[in-house]
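As provided, my_file_29.txt (compact mmCIF, C-alpha atoms and all ligand atoms) reads as follows.
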```
# COMPACT_ATOMS: atom_id res chain seq x y z
CA PHE A 1 -93.84 30.74 -33.30
CA SER A 2 -92.49 27.37 -32.27
CA SER A 3 -94.58 24.58 -33.71
CA SER A 4 -93.03 21.98 -31.39
CA ARG A 5 -94.57 23.81 -28.45
CA ALA A 6 -97.98 23.73 -30.10
CA MET A 7 -97.82 20.04 -30.84
CA ALA A 8 -97.32 19.23 -27.15
CA GLY A 9 -100.97 19.85 -26.28
CA ALA A 10 -104.05 17.73 -26.85
CA ILE A 11 -105.48 20.08 -29.46
CA LYS A 12 -103.76 19.90 -32.83
CA HIS A 13 -106.56 20.70 -35.25
CA VAL A 14 -108.87 23.65 -34.81
CA THR A 15 -111.91 24.68 -36.81
CA VAL A 16 -112.66 28.40 -36.72
CA ILE A 17 -116.20 29.29 -37.77
CA GLY A 18 -116.60 32.80 -39.14
CA GLY A 19 -113.74 34.47 -40.98
CA GLY A 20 -114.52 38.09 -40.13
CA LEU A 21 -112.49 40.46 -38.00
CA MET A 22 -112.06 38.02 -35.09
CA GLY A 23 -112.20 34.64 -36.82
CA SER A 24 -109.45 35.47 -39.30
CA GLY A 25 -107.24 36.65 -36.42
CA ILE A 26 -107.93 33.48 -34.42
CA ALA A 27 -107.13 31.32 -37.47
CA GLN A 28 -103.91 33.29 -37.99
CA VAL A 29 -102.51 32.97 -34.46
CA SER A 30 -103.46 29.28 -34.31
CA ALA A 31 -101.72 28.47 -37.59
CA ALA A 32 -98.69 30.59 -36.66
CA ALA A 33 -98.34 28.43 -33.54
CA GLY A 34 -98.27 25.22 -35.57
CA GLN A 35 -101.91 24.17 -35.41
CA LYS A 36 -103.79 22.80 -38.41
CA VAL A 37 -106.66 25.19 -39.02
CA CYS A 38 -109.85 24.96 -41.01
CA LEU A 39 -111.58 28.30 -41.48
CA VAL A 40 -115.30 28.18 -42.26
CA GLU A 41 -117.22 30.97 -44.00
CA THR A 42 -120.60 31.16 -45.64
CA ASN A 43 -119.24 31.41 -49.20
CA ASP A 44 -116.02 31.23 -51.22
CA LYS A 45 -115.77 34.97 -51.75
CA LEU A 46 -115.77 35.63 -47.99
CA LEU A 47 -113.26 32.81 -47.53
CA GLU A 48 -110.97 34.42 -50.08
CA GLY A 49 -111.28 37.77 -48.32
CA ALA A 50 -110.38 36.20 -44.97
CA ASN A 51 -107.42 34.41 -46.52
CA SER A 52 -105.97 37.55 -48.02
CA ARG A 53 -106.49 39.48 -44.75
CA ILE A 54 -104.57 36.75 -42.91
CA HIS A 55 -101.83 36.78 -45.56
CA GLU A 56 -101.38 40.56 -45.28
CA SER A 57 -101.37 40.43 -41.50
CA LEU A 58 -98.78 37.62 -41.47
CA LYS A 59 -96.55 39.64 -43.77
CA ARG A 60 -96.70 42.50 -41.28
CA VAL A 61 -95.78 40.12 -38.43
CA ALA A 62 -92.89 38.66 -40.46
CA LYS A 63 -91.55 42.13 -41.26
CA LYS A 64 -91.32 42.88 -37.55
CA VAL A 65 -90.20 39.51 -36.17
CA TYR A 66 -87.75 38.59 -38.96
CA LYS A 67 -86.51 42.11 -39.63
CA GLU A 68 -82.93 41.02 -40.31
CA LYS A 69 -83.84 37.71 -41.99
CA PRO A 70 -86.42 38.36 -44.71
CA ALA A 71 -86.00 34.86 -46.22
CA GLU A 72 -87.00 33.31 -42.90
CA GLY A 73 -89.91 35.72 -42.73
CA ASP A 74 -91.13 34.57 -46.14
CA LYS A 75 -90.84 30.95 -45.00
CA PHE A 76 -92.83 31.71 -41.86
CA VAL A 77 -95.63 33.31 -43.89
CA GLU A 78 -95.70 30.48 -46.40
CA GLN A 79 -95.66 27.70 -43.77
CA THR A 80 -98.34 29.39 -41.70
CA MET A 81 -100.60 29.85 -44.73
CA SER A 82 -100.09 26.20 -45.67
CA ARG A 83 -101.61 25.12 -42.35
CA ILE A 84 -104.87 26.96 -43.08
CA SER A 85 -107.57 25.38 -45.20
CA GLY A 86 -110.98 26.80 -46.00
CA ALA A 87 -114.49 25.35 -46.05
CA THR A 88 -118.07 26.48 -46.51
CA ASP A 89 -119.73 23.44 -44.92
CA ALA A 90 -119.22 23.57 -41.14
CA SER A 91 -120.68 20.09 -40.54
CA GLU A 92 -118.14 18.58 -42.93
CA ALA A 93 -115.28 20.68 -41.54
CA VAL A 94 -115.67 19.58 -37.91
CA LYS A 95 -115.53 15.84 -38.60
CA ASN A 96 -111.82 15.71 -37.90
CA THR A 97 -111.24 18.46 -35.43
CA ASP A 98 -110.19 18.73 -31.77
CA LEU A 99 -111.55 22.22 -31.13
CA VAL A 100 -114.23 24.42 -32.67
CA VAL A 101 -113.93 28.17 -32.06
CA GLU A 102 -117.04 30.02 -33.18
CA ALA A 103 -116.72 33.69 -34.20
CA ILE A 104 -119.92 34.35 -36.17
CA VAL A 105 -122.52 37.09 -35.71
CA GLU A 106 -123.38 38.03 -32.09
CA ASN A 107 -126.85 36.47 -32.10
CA MET A 108 -127.97 33.88 -29.54
CA ALA A 109 -130.41 31.94 -31.73
CA ILE A 110 -127.95 31.69 -34.65
CA LYS A 111 -125.11 30.55 -32.39
CA GLN A 112 -127.34 27.98 -30.64
CA LYS A 113 -128.51 26.57 -33.97
CA LEU A 114 -124.96 26.30 -35.32
CA PHE A 115 -123.68 24.44 -32.25
CA ALA A 116 -126.71 22.11 -32.10
CA THR A 117 -126.03 21.12 -35.72
CA LEU A 118 -122.32 20.56 -35.09
CA ASP A 119 -122.97 18.64 -31.86
CA ALA A 120 -124.64 15.89 -33.90
CA VAL A 121 -121.69 15.41 -36.25
CA ALA A 122 -118.45 16.36 -34.45
CA PRO A 123 -116.30 13.65 -32.85
CA LYS A 124 -117.02 12.92 -29.21
CA HIS A 125 -113.77 14.41 -27.93
CA THR A 126 -114.15 17.73 -29.80
CA ILE A 127 -114.33 20.79 -27.58
CA PHE A 128 -116.73 23.60 -28.56
CA ALA A 129 -115.95 27.21 -27.70
CA SER A 130 -117.55 30.55 -28.48
CA ASN A 131 -115.71 33.86 -28.87
CA THR A 132 -118.85 35.80 -27.88
CA SER A 133 -118.29 39.17 -26.21
CA SER A 134 -121.57 39.58 -24.42
CA LEU A 135 -123.73 36.46 -24.58
CA SER A 136 -123.96 33.68 -21.99
CA ILE A 137 -121.85 30.61 -22.86
CA THR A 138 -124.25 28.42 -20.84
CA GLU A 139 -127.15 29.61 -22.97
CA ILE A 140 -125.23 29.14 -26.23
CA ALA A 141 -124.40 25.56 -25.13
CA SER A 142 -127.93 24.78 -23.95
CA GLN A 143 -129.00 22.92 -27.11
CA CYS A 144 -125.92 20.65 -27.08
CA GLN A 145 -125.32 17.33 -25.38
CA ARG A 146 -121.62 18.04 -24.79
CA LYS A 147 -122.06 20.71 -22.10
CA ASP A 148 -118.97 19.36 -20.30
CA ARG A 149 -116.90 19.95 -23.45
CA PHE A 150 -118.09 23.51 -23.96
CA GLY A 151 -116.55 26.82 -22.87
CA GLY A 152 -115.66 30.33 -23.90
CA LEU A 153 -112.46 31.47 -25.62
CA HIS A 154 -112.75 35.24 -25.72
CA PHE A 155 -110.05 36.95 -27.78
CA PHE A 156 -109.49 40.68 -28.22
CA ASN A 157 -109.22 42.84 -31.31
CA PRO A 158 -106.77 42.85 -33.09
CA VAL A 159 -106.19 39.17 -32.24
CA PRO A 160 -102.54 38.94 -33.41
CA VAL A 161 -101.63 41.96 -31.27
CA MET A 162 -103.69 41.67 -28.10
CA LYS A 163 -102.09 39.36 -25.56
CA LEU A 164 -105.10 38.40 -23.47
CA LEU A 165 -107.40 35.40 -23.77
CA GLU A 166 -110.33 35.02 -21.38
CA VAL A 167 -110.97 31.31 -20.87
CA VAL A 168 -114.54 30.96 -19.69
CA ARG A 169 -115.83 27.97 -17.79
CA THR A 170 -119.49 27.37 -17.16
CA ASN A 171 -120.83 25.27 -14.28
CA ASP A 172 -120.85 22.33 -16.70
CA THR A 173 -117.37 22.72 -18.24
CA SER A 174 -115.26 19.75 -17.09
CA ASP A 175 -111.82 20.17 -15.52
CA ASP A 176 -110.32 18.29 -18.46
CA THR A 177 -111.94 20.61 -21.03
CA PHE A 178 -110.91 23.67 -19.08
CA LYS A 179 -107.31 22.44 -18.82
CA LYS A 180 -107.16 21.74 -22.57
CA MET A 181 -108.55 25.19 -23.40
CA MET A 182 -105.98 26.86 -21.13
CA GLU A 183 -103.13 24.85 -22.67
CA TRP A 184 -104.31 25.67 -26.16
CA GLY A 185 -104.56 29.38 -25.35
CA GLN A 186 -100.99 29.41 -24.08
CA GLU A 187 -99.81 27.50 -27.14
CA VAL A 188 -101.27 30.10 -29.47
CA GLY A 189 -99.27 32.71 -27.59
CA LYS A 190 -101.85 34.28 -25.30
CA THR A 191 -101.83 35.06 -21.60
CA CYS A 192 -104.89 33.24 -20.29
CA ILE A 193 -107.12 34.21 -17.43
CA THR A 194 -109.95 32.16 -15.95
CA CYS A 195 -113.44 33.63 -15.88
CA LYS A 196 -116.85 32.50 -14.84
CA ASP A 197 -119.72 32.72 -17.31
CA THR A 198 -120.88 36.15 -16.13
CA PRO A 199 -121.98 39.02 -18.45
CA GLY A 200 -118.94 40.53 -20.17
CA PHE A 201 -116.58 38.15 -18.34
CA VAL A 202 -113.85 40.36 -16.83
CA VAL A 203 -112.72 42.92 -19.43
CA ASN A 204 -116.03 43.98 -20.96
CA ARG A 205 -117.82 43.91 -17.60
CA LEU A 206 -115.46 46.66 -16.47
CA LEU A 207 -114.88 48.39 -19.81
CA VAL A 208 -118.44 48.79 -21.12
CA PRO A 209 -119.78 50.48 -17.95
CA MET A 210 -116.71 52.74 -17.98
CA LEU A 211 -117.45 53.82 -21.56
CA ALA A 212 -121.09 54.36 -20.59
CA GLU A 213 -120.10 56.44 -17.56
CA ALA A 214 -117.85 58.59 -19.76
CA VAL A 215 -120.78 59.21 -22.13
CA ARG A 216 -123.01 60.10 -19.13
CA MET A 217 -120.35 62.55 -18.05
CA LEU A 218 -120.55 64.18 -21.51
CA GLU A 219 -124.35 64.22 -21.35
CA ARG A 220 -124.22 66.08 -18.03
CA GLY A 221 -121.73 68.54 -19.53
CA ASP A 222 -119.15 67.78 -16.83
CA ALA A 223 -116.20 67.75 -19.21
CA SER A 224 -115.37 67.78 -22.93
CA PRO A 225 -114.51 64.61 -24.89
CA ARG A 226 -110.86 65.68 -25.21
CA ASP A 227 -110.59 66.46 -21.50
CA ILE A 228 -112.14 63.13 -20.48
CA ASP A 229 -109.71 61.28 -22.77
CA THR A 230 -106.69 63.28 -21.62
CA ALA A 231 -107.71 62.73 -18.00
CA MET A 232 -107.86 58.95 -18.29
CA LYS A 233 -104.66 58.75 -20.34
CA LEU A 234 -102.54 60.95 -18.13
CA GLY A 235 -104.30 60.42 -14.82
CA ALA A 236 -105.09 56.71 -14.96
CA GLY A 237 -102.41 55.55 -17.38
CA HIS A 238 -104.87 54.22 -19.96
CA PRO A 239 -103.42 54.02 -23.50
CA MET A 240 -106.68 55.37 -24.96
CA GLY A 241 -109.30 57.58 -23.38
CA PRO A 242 -112.86 56.21 -22.99
CA ILE A 243 -114.42 58.46 -25.63
CA GLU A 244 -111.84 57.58 -28.30
CA LEU A 245 -112.08 53.95 -27.25
CA ALA A 246 -115.87 54.06 -27.67
CA ASP A 247 -115.32 55.43 -31.19
CA TYR A 248 -112.83 52.61 -31.85
CA VAL A 249 -115.10 49.83 -30.55
CA GLY A 250 -118.10 51.18 -32.52
CA HIS A 251 -121.27 52.65 -31.02
CA ASP A 252 -123.46 49.95 -32.56
CA THR A 253 -121.45 47.32 -30.67
CA THR A 254 -121.52 49.14 -27.34
CA LYS A 255 -125.25 49.86 -27.73
CA PHE A 256 -125.95 46.22 -28.59
CA ILE A 257 -124.10 45.00 -25.49
CA LEU A 258 -125.64 47.58 -23.15
CA ASP A 259 -129.18 46.97 -24.47
CA GLY A 260 -128.77 43.20 -24.09
CA TRP A 261 -127.55 43.49 -20.52
CA HIS A 262 -130.20 46.08 -19.66
CA GLU A 263 -132.92 43.74 -20.88
CA LYS A 264 -131.58 40.93 -18.68
CA MET A 265 -130.62 43.07 -15.68
CA PRO A 266 -132.90 46.16 -15.71
CA GLU A 267 -132.16 46.78 -12.02
CA ASN A 268 -128.48 47.59 -12.72
CA PRO A 269 -128.17 51.35 -13.48
CA LEU A 270 -124.73 50.83 -15.07
CA PHE A 271 -126.46 49.17 -18.02
CA ASN A 272 -129.12 51.84 -18.59
CA PRO A 273 -129.51 52.87 -22.26
CA LEU A 274 -127.81 56.07 -23.35
CA ASP A 275 -129.64 58.72 -25.40
CA THR A 276 -126.40 59.96 -26.96
CA LEU A 277 -125.42 56.48 -28.12
CA ASN A 278 -128.88 55.79 -29.53
CA LYS A 279 -128.73 59.07 -31.44
CA LEU A 280 -125.24 58.42 -32.88
CA VAL A 281 -126.31 54.95 -34.02
CA SER A 282 -129.52 56.21 -35.61
CA GLU A 283 -127.46 58.80 -37.52
CA GLY A 284 -125.00 56.15 -38.70
CA LYS A 285 -122.16 57.79 -36.76
CA LEU A 286 -120.73 54.54 -35.46
CA GLY A 287 -117.21 55.80 -34.74
CA MET A 288 -113.92 55.25 -36.53
CA LYS A 289 -115.31 52.68 -38.96
CA THR A 290 -117.83 55.15 -40.44
CA GLY A 291 -115.51 58.17 -40.27
CA GLU A 292 -117.47 59.86 -37.49
CA GLY A 293 -118.51 59.27 -33.90
CA PHE A 294 -117.71 61.59 -31.03
CA TYR A 295 -114.72 62.65 -33.12
CA SER A 296 -114.40 63.02 -36.89
CA TYR A 297 -112.01 60.71 -38.76
CA LYS A 298 -112.74 62.09 -42.19
CA LYS A 299 -109.69 63.12 -44.16
CA LYS A 300 -109.80 66.83 -44.72
P1 LIG B 401 -117.62 39.95 -38.24
O1 LIG B 401 -118.93 40.43 -38.70
O2 LIG B 401 -116.38 40.67 -38.64
O3 LIG B 401 -117.43 38.42 -38.68
C1 LIG B 401 -118.41 37.45 -38.58
C2 LIG B 401 -118.22 36.52 -39.76
O4 LIG B 401 -118.98 35.32 -39.56
C3 LIG B 401 -118.73 37.13 -41.10
O5 LIG B 401 -117.66 37.15 -42.02
C4 LIG B 401 -119.85 36.18 -41.53
O6 LIG B 401 -119.88 35.97 -42.93
C5 LIG B 401 -119.48 34.90 -40.79
N1 LIG B 401 -120.60 34.00 -40.53
C6 LIG B 401 -121.84 34.32 -40.10
N2 LIG B 401 -122.57 33.21 -39.94
C7 LIG B 401 -121.78 32.15 -40.28
C8 LIG B 401 -121.95 30.76 -40.31
N3 LIG B 401 -123.12 30.20 -39.96
N4 LIG B 401 -120.93 29.99 -40.70
C9 LIG B 401 -119.75 30.55 -41.04
N5 LIG B 401 -119.53 31.87 -41.02
C10 LIG B 401 -120.52 32.67 -40.64
O7 LIG B 401 -117.73 39.85 -36.65
P2 LIG B 401 -116.56 39.85 -35.55
O8 LIG B 401 -116.31 41.24 -35.10
O9 LIG B 401 -115.43 39.03 -36.04
O10 LIG B 401 -117.29 39.11 -34.33
C11 LIG B 401 -117.51 37.73 -34.32
C12 LIG B 401 -117.77 37.27 -32.89
O11 LIG B 401 -116.65 37.63 -32.07
C13 LIG B 401 -119.02 37.89 -32.22
O12 LIG B 401 -119.60 36.91 -31.39
C14 LIG B 401 -118.42 39.02 -31.39
O13 LIG B 401 -119.21 39.32 -30.25
C15 LIG B 401 -117.10 38.41 -30.96
N6 LIG B 401 -116.06 39.37 -30.60
C16 LIG B 401 -115.86 40.51 -31.33
C17 LIG B 401 -114.85 41.40 -30.99
C18 LIG B 401 -114.60 42.64 -31.80
O14 LIG B 401 -113.85 43.51 -31.34
N7 LIG B 401 -115.18 42.78 -32.98
C19 LIG B 401 -113.97 41.16 -29.82
C20 LIG B 401 -114.21 39.88 -29.19
C21 LIG B 401 -115.23 39.06 -29.55
```

Would it be possible to restate this file's structure as structure tokens?
Amino acid sequence: FSSSRAMAGAIKHVTVIGGGLMGSGIAQVSAAAGQKVCLVETNDKLLEGANSRIHESLKRVAKKVYKEKPAEGDKFVEQTMSRISGATDASEAVKNTDLVVEAIVENMAIKQKLFATLDAVAPKHTIFASNTSSLSITEIASQCQRKDRFGGLHFFNPVPVMKLLEVVRTNDTSDDTFKKMMEWGQEVGKTCITCKDTPGFVVNRLLVPMLAEAVRMLERGDASPRDIDTAMKLGAGHPMGPIELADYVGHDTTKFILDGWHEKMPENPLFNPLDTLNKLVSEGKLGMKTGEGFYSYKKK
């Protein structure tokens, strides 16, 4: 949580667009590392919600990190919150920023439109990055002039807990931009890896087909959900089995990613649609977040 470390890099002010699950986490870790953060949402109510989520999450961090020194913990929470401001006008918010991290809805046209608008008003040096899980960074950047100052910064959920950051460079991302994104990622406390702009980057390209294969295994009746999960936990050392992980990720999300990749790469059998997933989604059984997926999470 050293702010002096954060101030060493070229990026000192970050604008996070979208204050949902991911955006609020990204704003939190940036501010905790000493960055000035502007969080952009579509209205004040959503901004307030994001702010209180960040506040609660910071209190949890402080409780752990400053266990013996609660006064210092309170100071950490207060100082971190003071570095975060909110806005509802993205064009206004980016006028003074070094980095834009976009974490809005996973929709190509909406992301392209947002970045094209910001490209016209952001300072020349500002780097644009998307936190997309499954879309092409090159395509998101295609409506912008600053293709050399554009890349991917792909965080993992929950952002304050998960250590990894995938730093994605397209064929157009300059060495300077890439270096600044890597430095920034390290400053906000993440272990950074370099990826090309390929579908799913590294983690999701391996994880999503594994989840799909586990569901195919169920469909064939090869093993039960519990046995598949136990097998991968005890036999492969995974902290969660693929079926419980699919429930955690949400079947709407996995289906959306698979369908998108299948449409682009119909020749790859790993991305073929899954009847079971389609059925769960149509029944509203999206996993943990709805109380039911492959397993039931309803309190009895
Ligand atoms: P979310 O639905 O929780 O949050 C999105 C937020 O963006 C909403 O609060 C919405 O009001 C806001 N928003 C939409 N359009 C906006 C605009 N034009 N300006 C400002 N705010 C706007 O979604 P989540 O899960 O945080 O995902 C966001 C992005 O992060 C997506 O691209 C997703 O693929 C990616 N991602 C998601 C992960 C996850 O586990 N949920 C993991 C890694 C990446």

### Query
Which neighbours of A:Ala90 fall inside 8 Å, counting only C-alpha atoms, when residues of the same chain fewer than 3 positions from it are skipped, and could you give them as a ChimeraX atom specification?
/A:17,40,87,93-94,118

#### Entry: Nearby residues (only C-alpha atoms) at most 6 Å from A:Val167, same-chain spacing under 5 positions excluded, as a ChimeraX atom specification
/A:152-153,193-194

### Message
With distances taken over only C-alpha atoms, which residue among A:Thr15, A:Gln145, A:Thr132, A:Ser174 lies nearest A:Lys95?
### Response
A:Thr15

### Query
Which polymer residues, protein or nucleic acid, are no farther than 12 Å from (-99.1, 35.8, -46.4), counting only C-alpha atoms, as a ChimeraX atom specification?
/A:28,31-32,50-63,73-84

Next, the residues of the selection above should be written as a PDB file, in the frame of the given file with C-alpha atoms.
```
ATOM      1  CA  GLN A  28    -103.910  33.290 -37.990  1.00  0.00           C
ATOM      2  CA  ALA A  31    -101.720  28.470 -37.590  1.00  0.00           C
ATOM      3  CA  ALA A  32     -98.690  30.590 -36.660  1.00  0.00           C
ATOM      4  CA  ALA A  50    -110.380  36.200 -44.970  1.00  0.00           C
ATOM      5  CA  ASN A  51    -107.420  34.410 -46.520  1.00  0.00           C
ATOM      6  CA  SER A  52    -105.970  37.550 -48.020  1.00  0.00           C
ATOM      7  CA  ARG A  53    -106.490  39.480 -44.750  1.00  0.00           C
ATOM      8  CA  ILE A  54    -104.570  36.750 -42.910  1.00  0.00           C
ATOM      9  CA  HIS A  55    -101.830  36.780 -45.560  1.00  0.00           C
ATOM     10  CA  GLU A  56    -101.380  40.560 -45.280  1.00  0.00           C
ATOM     11  CA  SER A  57    -101.370  40.430 -41.500  1.00  0.00           C
ATOM     12  CA  LEU A  58     -98.780  37.620 -41.470  1.00  0.00           C
ATOM     13  CA  LYS A  59     -96.550  39.640 -43.770  1.00  0.00           C
ATOM     14  CA  ARG A  60     -96.700  42.500 -41.280  1.00  0.00           C
ATOM     15  CA  VAL A  61     -95.780  40.120 -38.430  1.00  0.00           C
ATOM     16  CA  ALA A  62     -92.890  38.660 -40.460  1.00  0.00           C
ATOM     17  CA  LYS A  63     -91.550  42.130 -41.260  1.00  0.00           C
ATOM     18  CA  GLY A  73     -89.910  35.720 -42.730  1.00  0.00           C
ATOM     19  CA  ASP A  74     -91.130  34.570 -46.140  1.00  0.00           C
ATOM     20  CA  LYS A  75     -90.840  30.950 -45.000  1.00  0.00           C
ATOM     21  CA  PHE A  76     -92.830  31.710 -41.860  1.00  0.00           C
ATOM     22  CA  VAL A  77     -95.630  33.310 -43.890  1.00  0.00           C
ATOM     23  CA  GLU A  78     -95.700  30.480 -46.400  1.00  0.00           C
ATOM     24  CA  GLN A  79     -95.660  27.700 -43.770  1.00  0.00           C
ATOM     25  CA  THR A  80     -98.340  29.390 -41.700  1.00  0.00           C
ATOM     26  CA  MET A  81    -100.600  29.850 -44.730  1.00  0.00           C
ATOM     27  CA  SER A  82    -100.090  26.200 -45.670  1.00  0.00           C
ATOM     28  CA  ARG A  83    -101.610  25.120 -42.350  1.00  0.00           C
ATOM     29  CA  ILE A  84    -104.870  26.960 -43.080  1.00  0.00           C
TER      30      ILE A  84
END
```

Distance table requested - chain A against ligand LIG 401 (chain B), cut-off 7 Å, all atoms listed in the file: one row per qualifying residue with the closest atom pair and its distance in Å to one decimal, ordered by chain and rising residue number, as a tab-separated table.
```
residue	atom	partner	partner_atom	distance
A:Ile17	CA	B:LIG401	C9	5.0
A:Gly18	CA	B:LIG401	O4	3.5
A:Gly19	CA	B:LIG401	O5	4.9
A:Gly20	CA	B:LIG401	O3	3.3
A:Leu21	CA	B:LIG401	O9	3.8
A:Met22	CA	B:LIG401	O9	3.6
A:Gly23	CA	B:LIG401	O9	5.5
A:Val40	CA	B:LIG401	C9	5.2
A:Glu41	CA	B:LIG401	N5	3.9
A:Thr42	CA	B:LIG401	C9	4.7
A:Leu46	CA	B:LIG401	O5	6.4
A:Ala90	CA	B:LIG401	N4	6.7
A:Ala103	CA	B:LIG401	C12	4.0
A:Ile104	CA	B:LIG401	O4	3.6
A:Val105	CA	B:LIG401	C13	5.0
A:Glu106	CA	B:LIG401	O12	4.0
A:Leu114	CA	B:LIG401	N3	6.3
A:Asn131	CA	B:LIG401	O11	5.0
A:Thr132	CA	B:LIG401	O12	3.8
A:Ser133	CA	B:LIG401	O13	4.1
A:Ser134	CA	B:LIG401	O13	6.3
A:His154	CA	B:LIG401	C21	6.0
A:Phe155	CA	B:LIG401	C20	5.3
A:Phe156	CA	B:LIG401	C19	4.8
A:Asn157	CA	B:LIG401	O14	4.7
A:Val249	CA	B:LIG401	O14	6.5
```

### Message
Report, in Å to a single decimal, how far apart atom CA of A:Ile243 and atom CA of A:Asp229 are.
### Response
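That distance, rounded to one decimal, is 6.2 Å.
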
### Task
For atom CA of A:Met232 and atom CA of A:Val159, determine how far apart the two atoms are, in Å to one decimal place.
24.3 Å

### Query
At a cut-off of 12 Å from (-109.2, 52.6, -27.2) in the coordinates of the file, what residues are picked up using only C-alpha atoms, written as a ChimeraX atom specification?
/A:156-158,207-208,210-211,229,232-233,238-250,287-288

Writing C-alpha atoms and nothing else, produce stretch 253-286 of chain A as a PDB file, in the first residue's frame.
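decode_36.pdb written:
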```pdb
ATOM      1  CA  THR A 253     -21.351 -15.339 -18.796  1.00  0.00           C
ATOM      2  CA  THR A 254     -19.887 -18.658 -19.929  1.00  0.00           C
ATOM      3  CA  LYS A 255     -22.620 -19.050 -22.561  1.00  0.00           C
ATOM      4  CA  PHE A 256     -22.033 -15.501 -23.822  1.00  0.00           C
ATOM      5  CA  ILE A 257     -18.291 -16.125 -24.195  1.00  0.00           C
ATOM      6  CA  LEU A 258     -18.692 -19.552 -25.824  1.00  0.00           C
ATOM      7  CA  ASP A 259     -21.375 -18.320 -28.247  1.00  0.00           C
ATOM      8  CA  GLY A 260     -19.237 -15.329 -29.250  1.00  0.00           C
ATOM      9  CA  TRP A 261     -16.190 -17.480 -29.916  1.00  0.00           C
ATOM     10  CA  HIS A 262     -18.252 -20.126 -31.710  1.00  0.00           C
ATOM     11  CA  GLU A 263     -19.642 -17.483 -34.046  1.00  0.00           C
ATOM     12  CA  LYS A 264     -16.129 -16.274 -34.891  1.00  0.00           C
ATOM     13  CA  MET A 265     -14.432 -19.685 -34.928  1.00  0.00           C
ATOM     14  CA  PRO A 266     -17.114 -22.280 -35.829  1.00  0.00           C
ATOM     15  CA  GLU A 267     -14.411 -24.766 -36.842  1.00  0.00           C
ATOM     16  CA  ASN A 268     -13.128 -25.090 -33.247  1.00  0.00           C
ATOM     17  CA  PRO A 269     -15.113 -27.883 -31.479  1.00  0.00           C
ATOM     18  CA  LEU A 270     -14.004 -26.604 -28.051  1.00  0.00           C
ATOM     19  CA  PHE A 271     -16.311 -23.618 -28.519  1.00  0.00           C
ATOM     20  CA  ASN A 272     -19.405 -25.568 -29.602  1.00  0.00           C
ATOM     21  CA  PRO A 273     -22.615 -24.486 -27.811  1.00  0.00           C
ATOM     22  CA  LEU A 274     -23.784 -26.629 -24.910  1.00  0.00           C
ATOM     23  CA  ASP A 275     -27.412 -27.771 -24.596  1.00  0.00           C
ATOM     24  CA  THR A 276     -27.156 -27.999 -20.807  1.00  0.00           C
ATOM     25  CA  LEU A 277     -25.870 -24.439 -20.494  1.00  0.00           C
ATOM     26  CA  ASN A 278     -28.546 -23.095 -22.837  1.00  0.00           C
ATOM     27  CA  LYS A 279     -31.211 -24.859 -20.778  1.00  0.00           C
ATOM     28  CA  LEU A 280     -29.903 -23.550 -17.427  1.00  0.00           C
ATOM     29  CA  VAL A 281     -29.793 -20.004 -18.796  1.00  0.00           C
ATOM     30  CA  SER A 282     -33.299 -20.212 -20.255  1.00  0.00           C
ATOM     31  CA  GLU A 283     -34.548 -21.398 -16.848  1.00  0.00           C
ATOM     32  CA  GLY A 284     -32.794 -18.535 -15.074  1.00  0.00           C
ATOM     33  CA  LYS A 285     -30.533 -20.961 -13.201  1.00  0.00           C
ATOM     34  CA  LEU A 286     -27.394 -18.909 -13.654  1.00  0.00           C
TER      35      LEU A 286
END
```
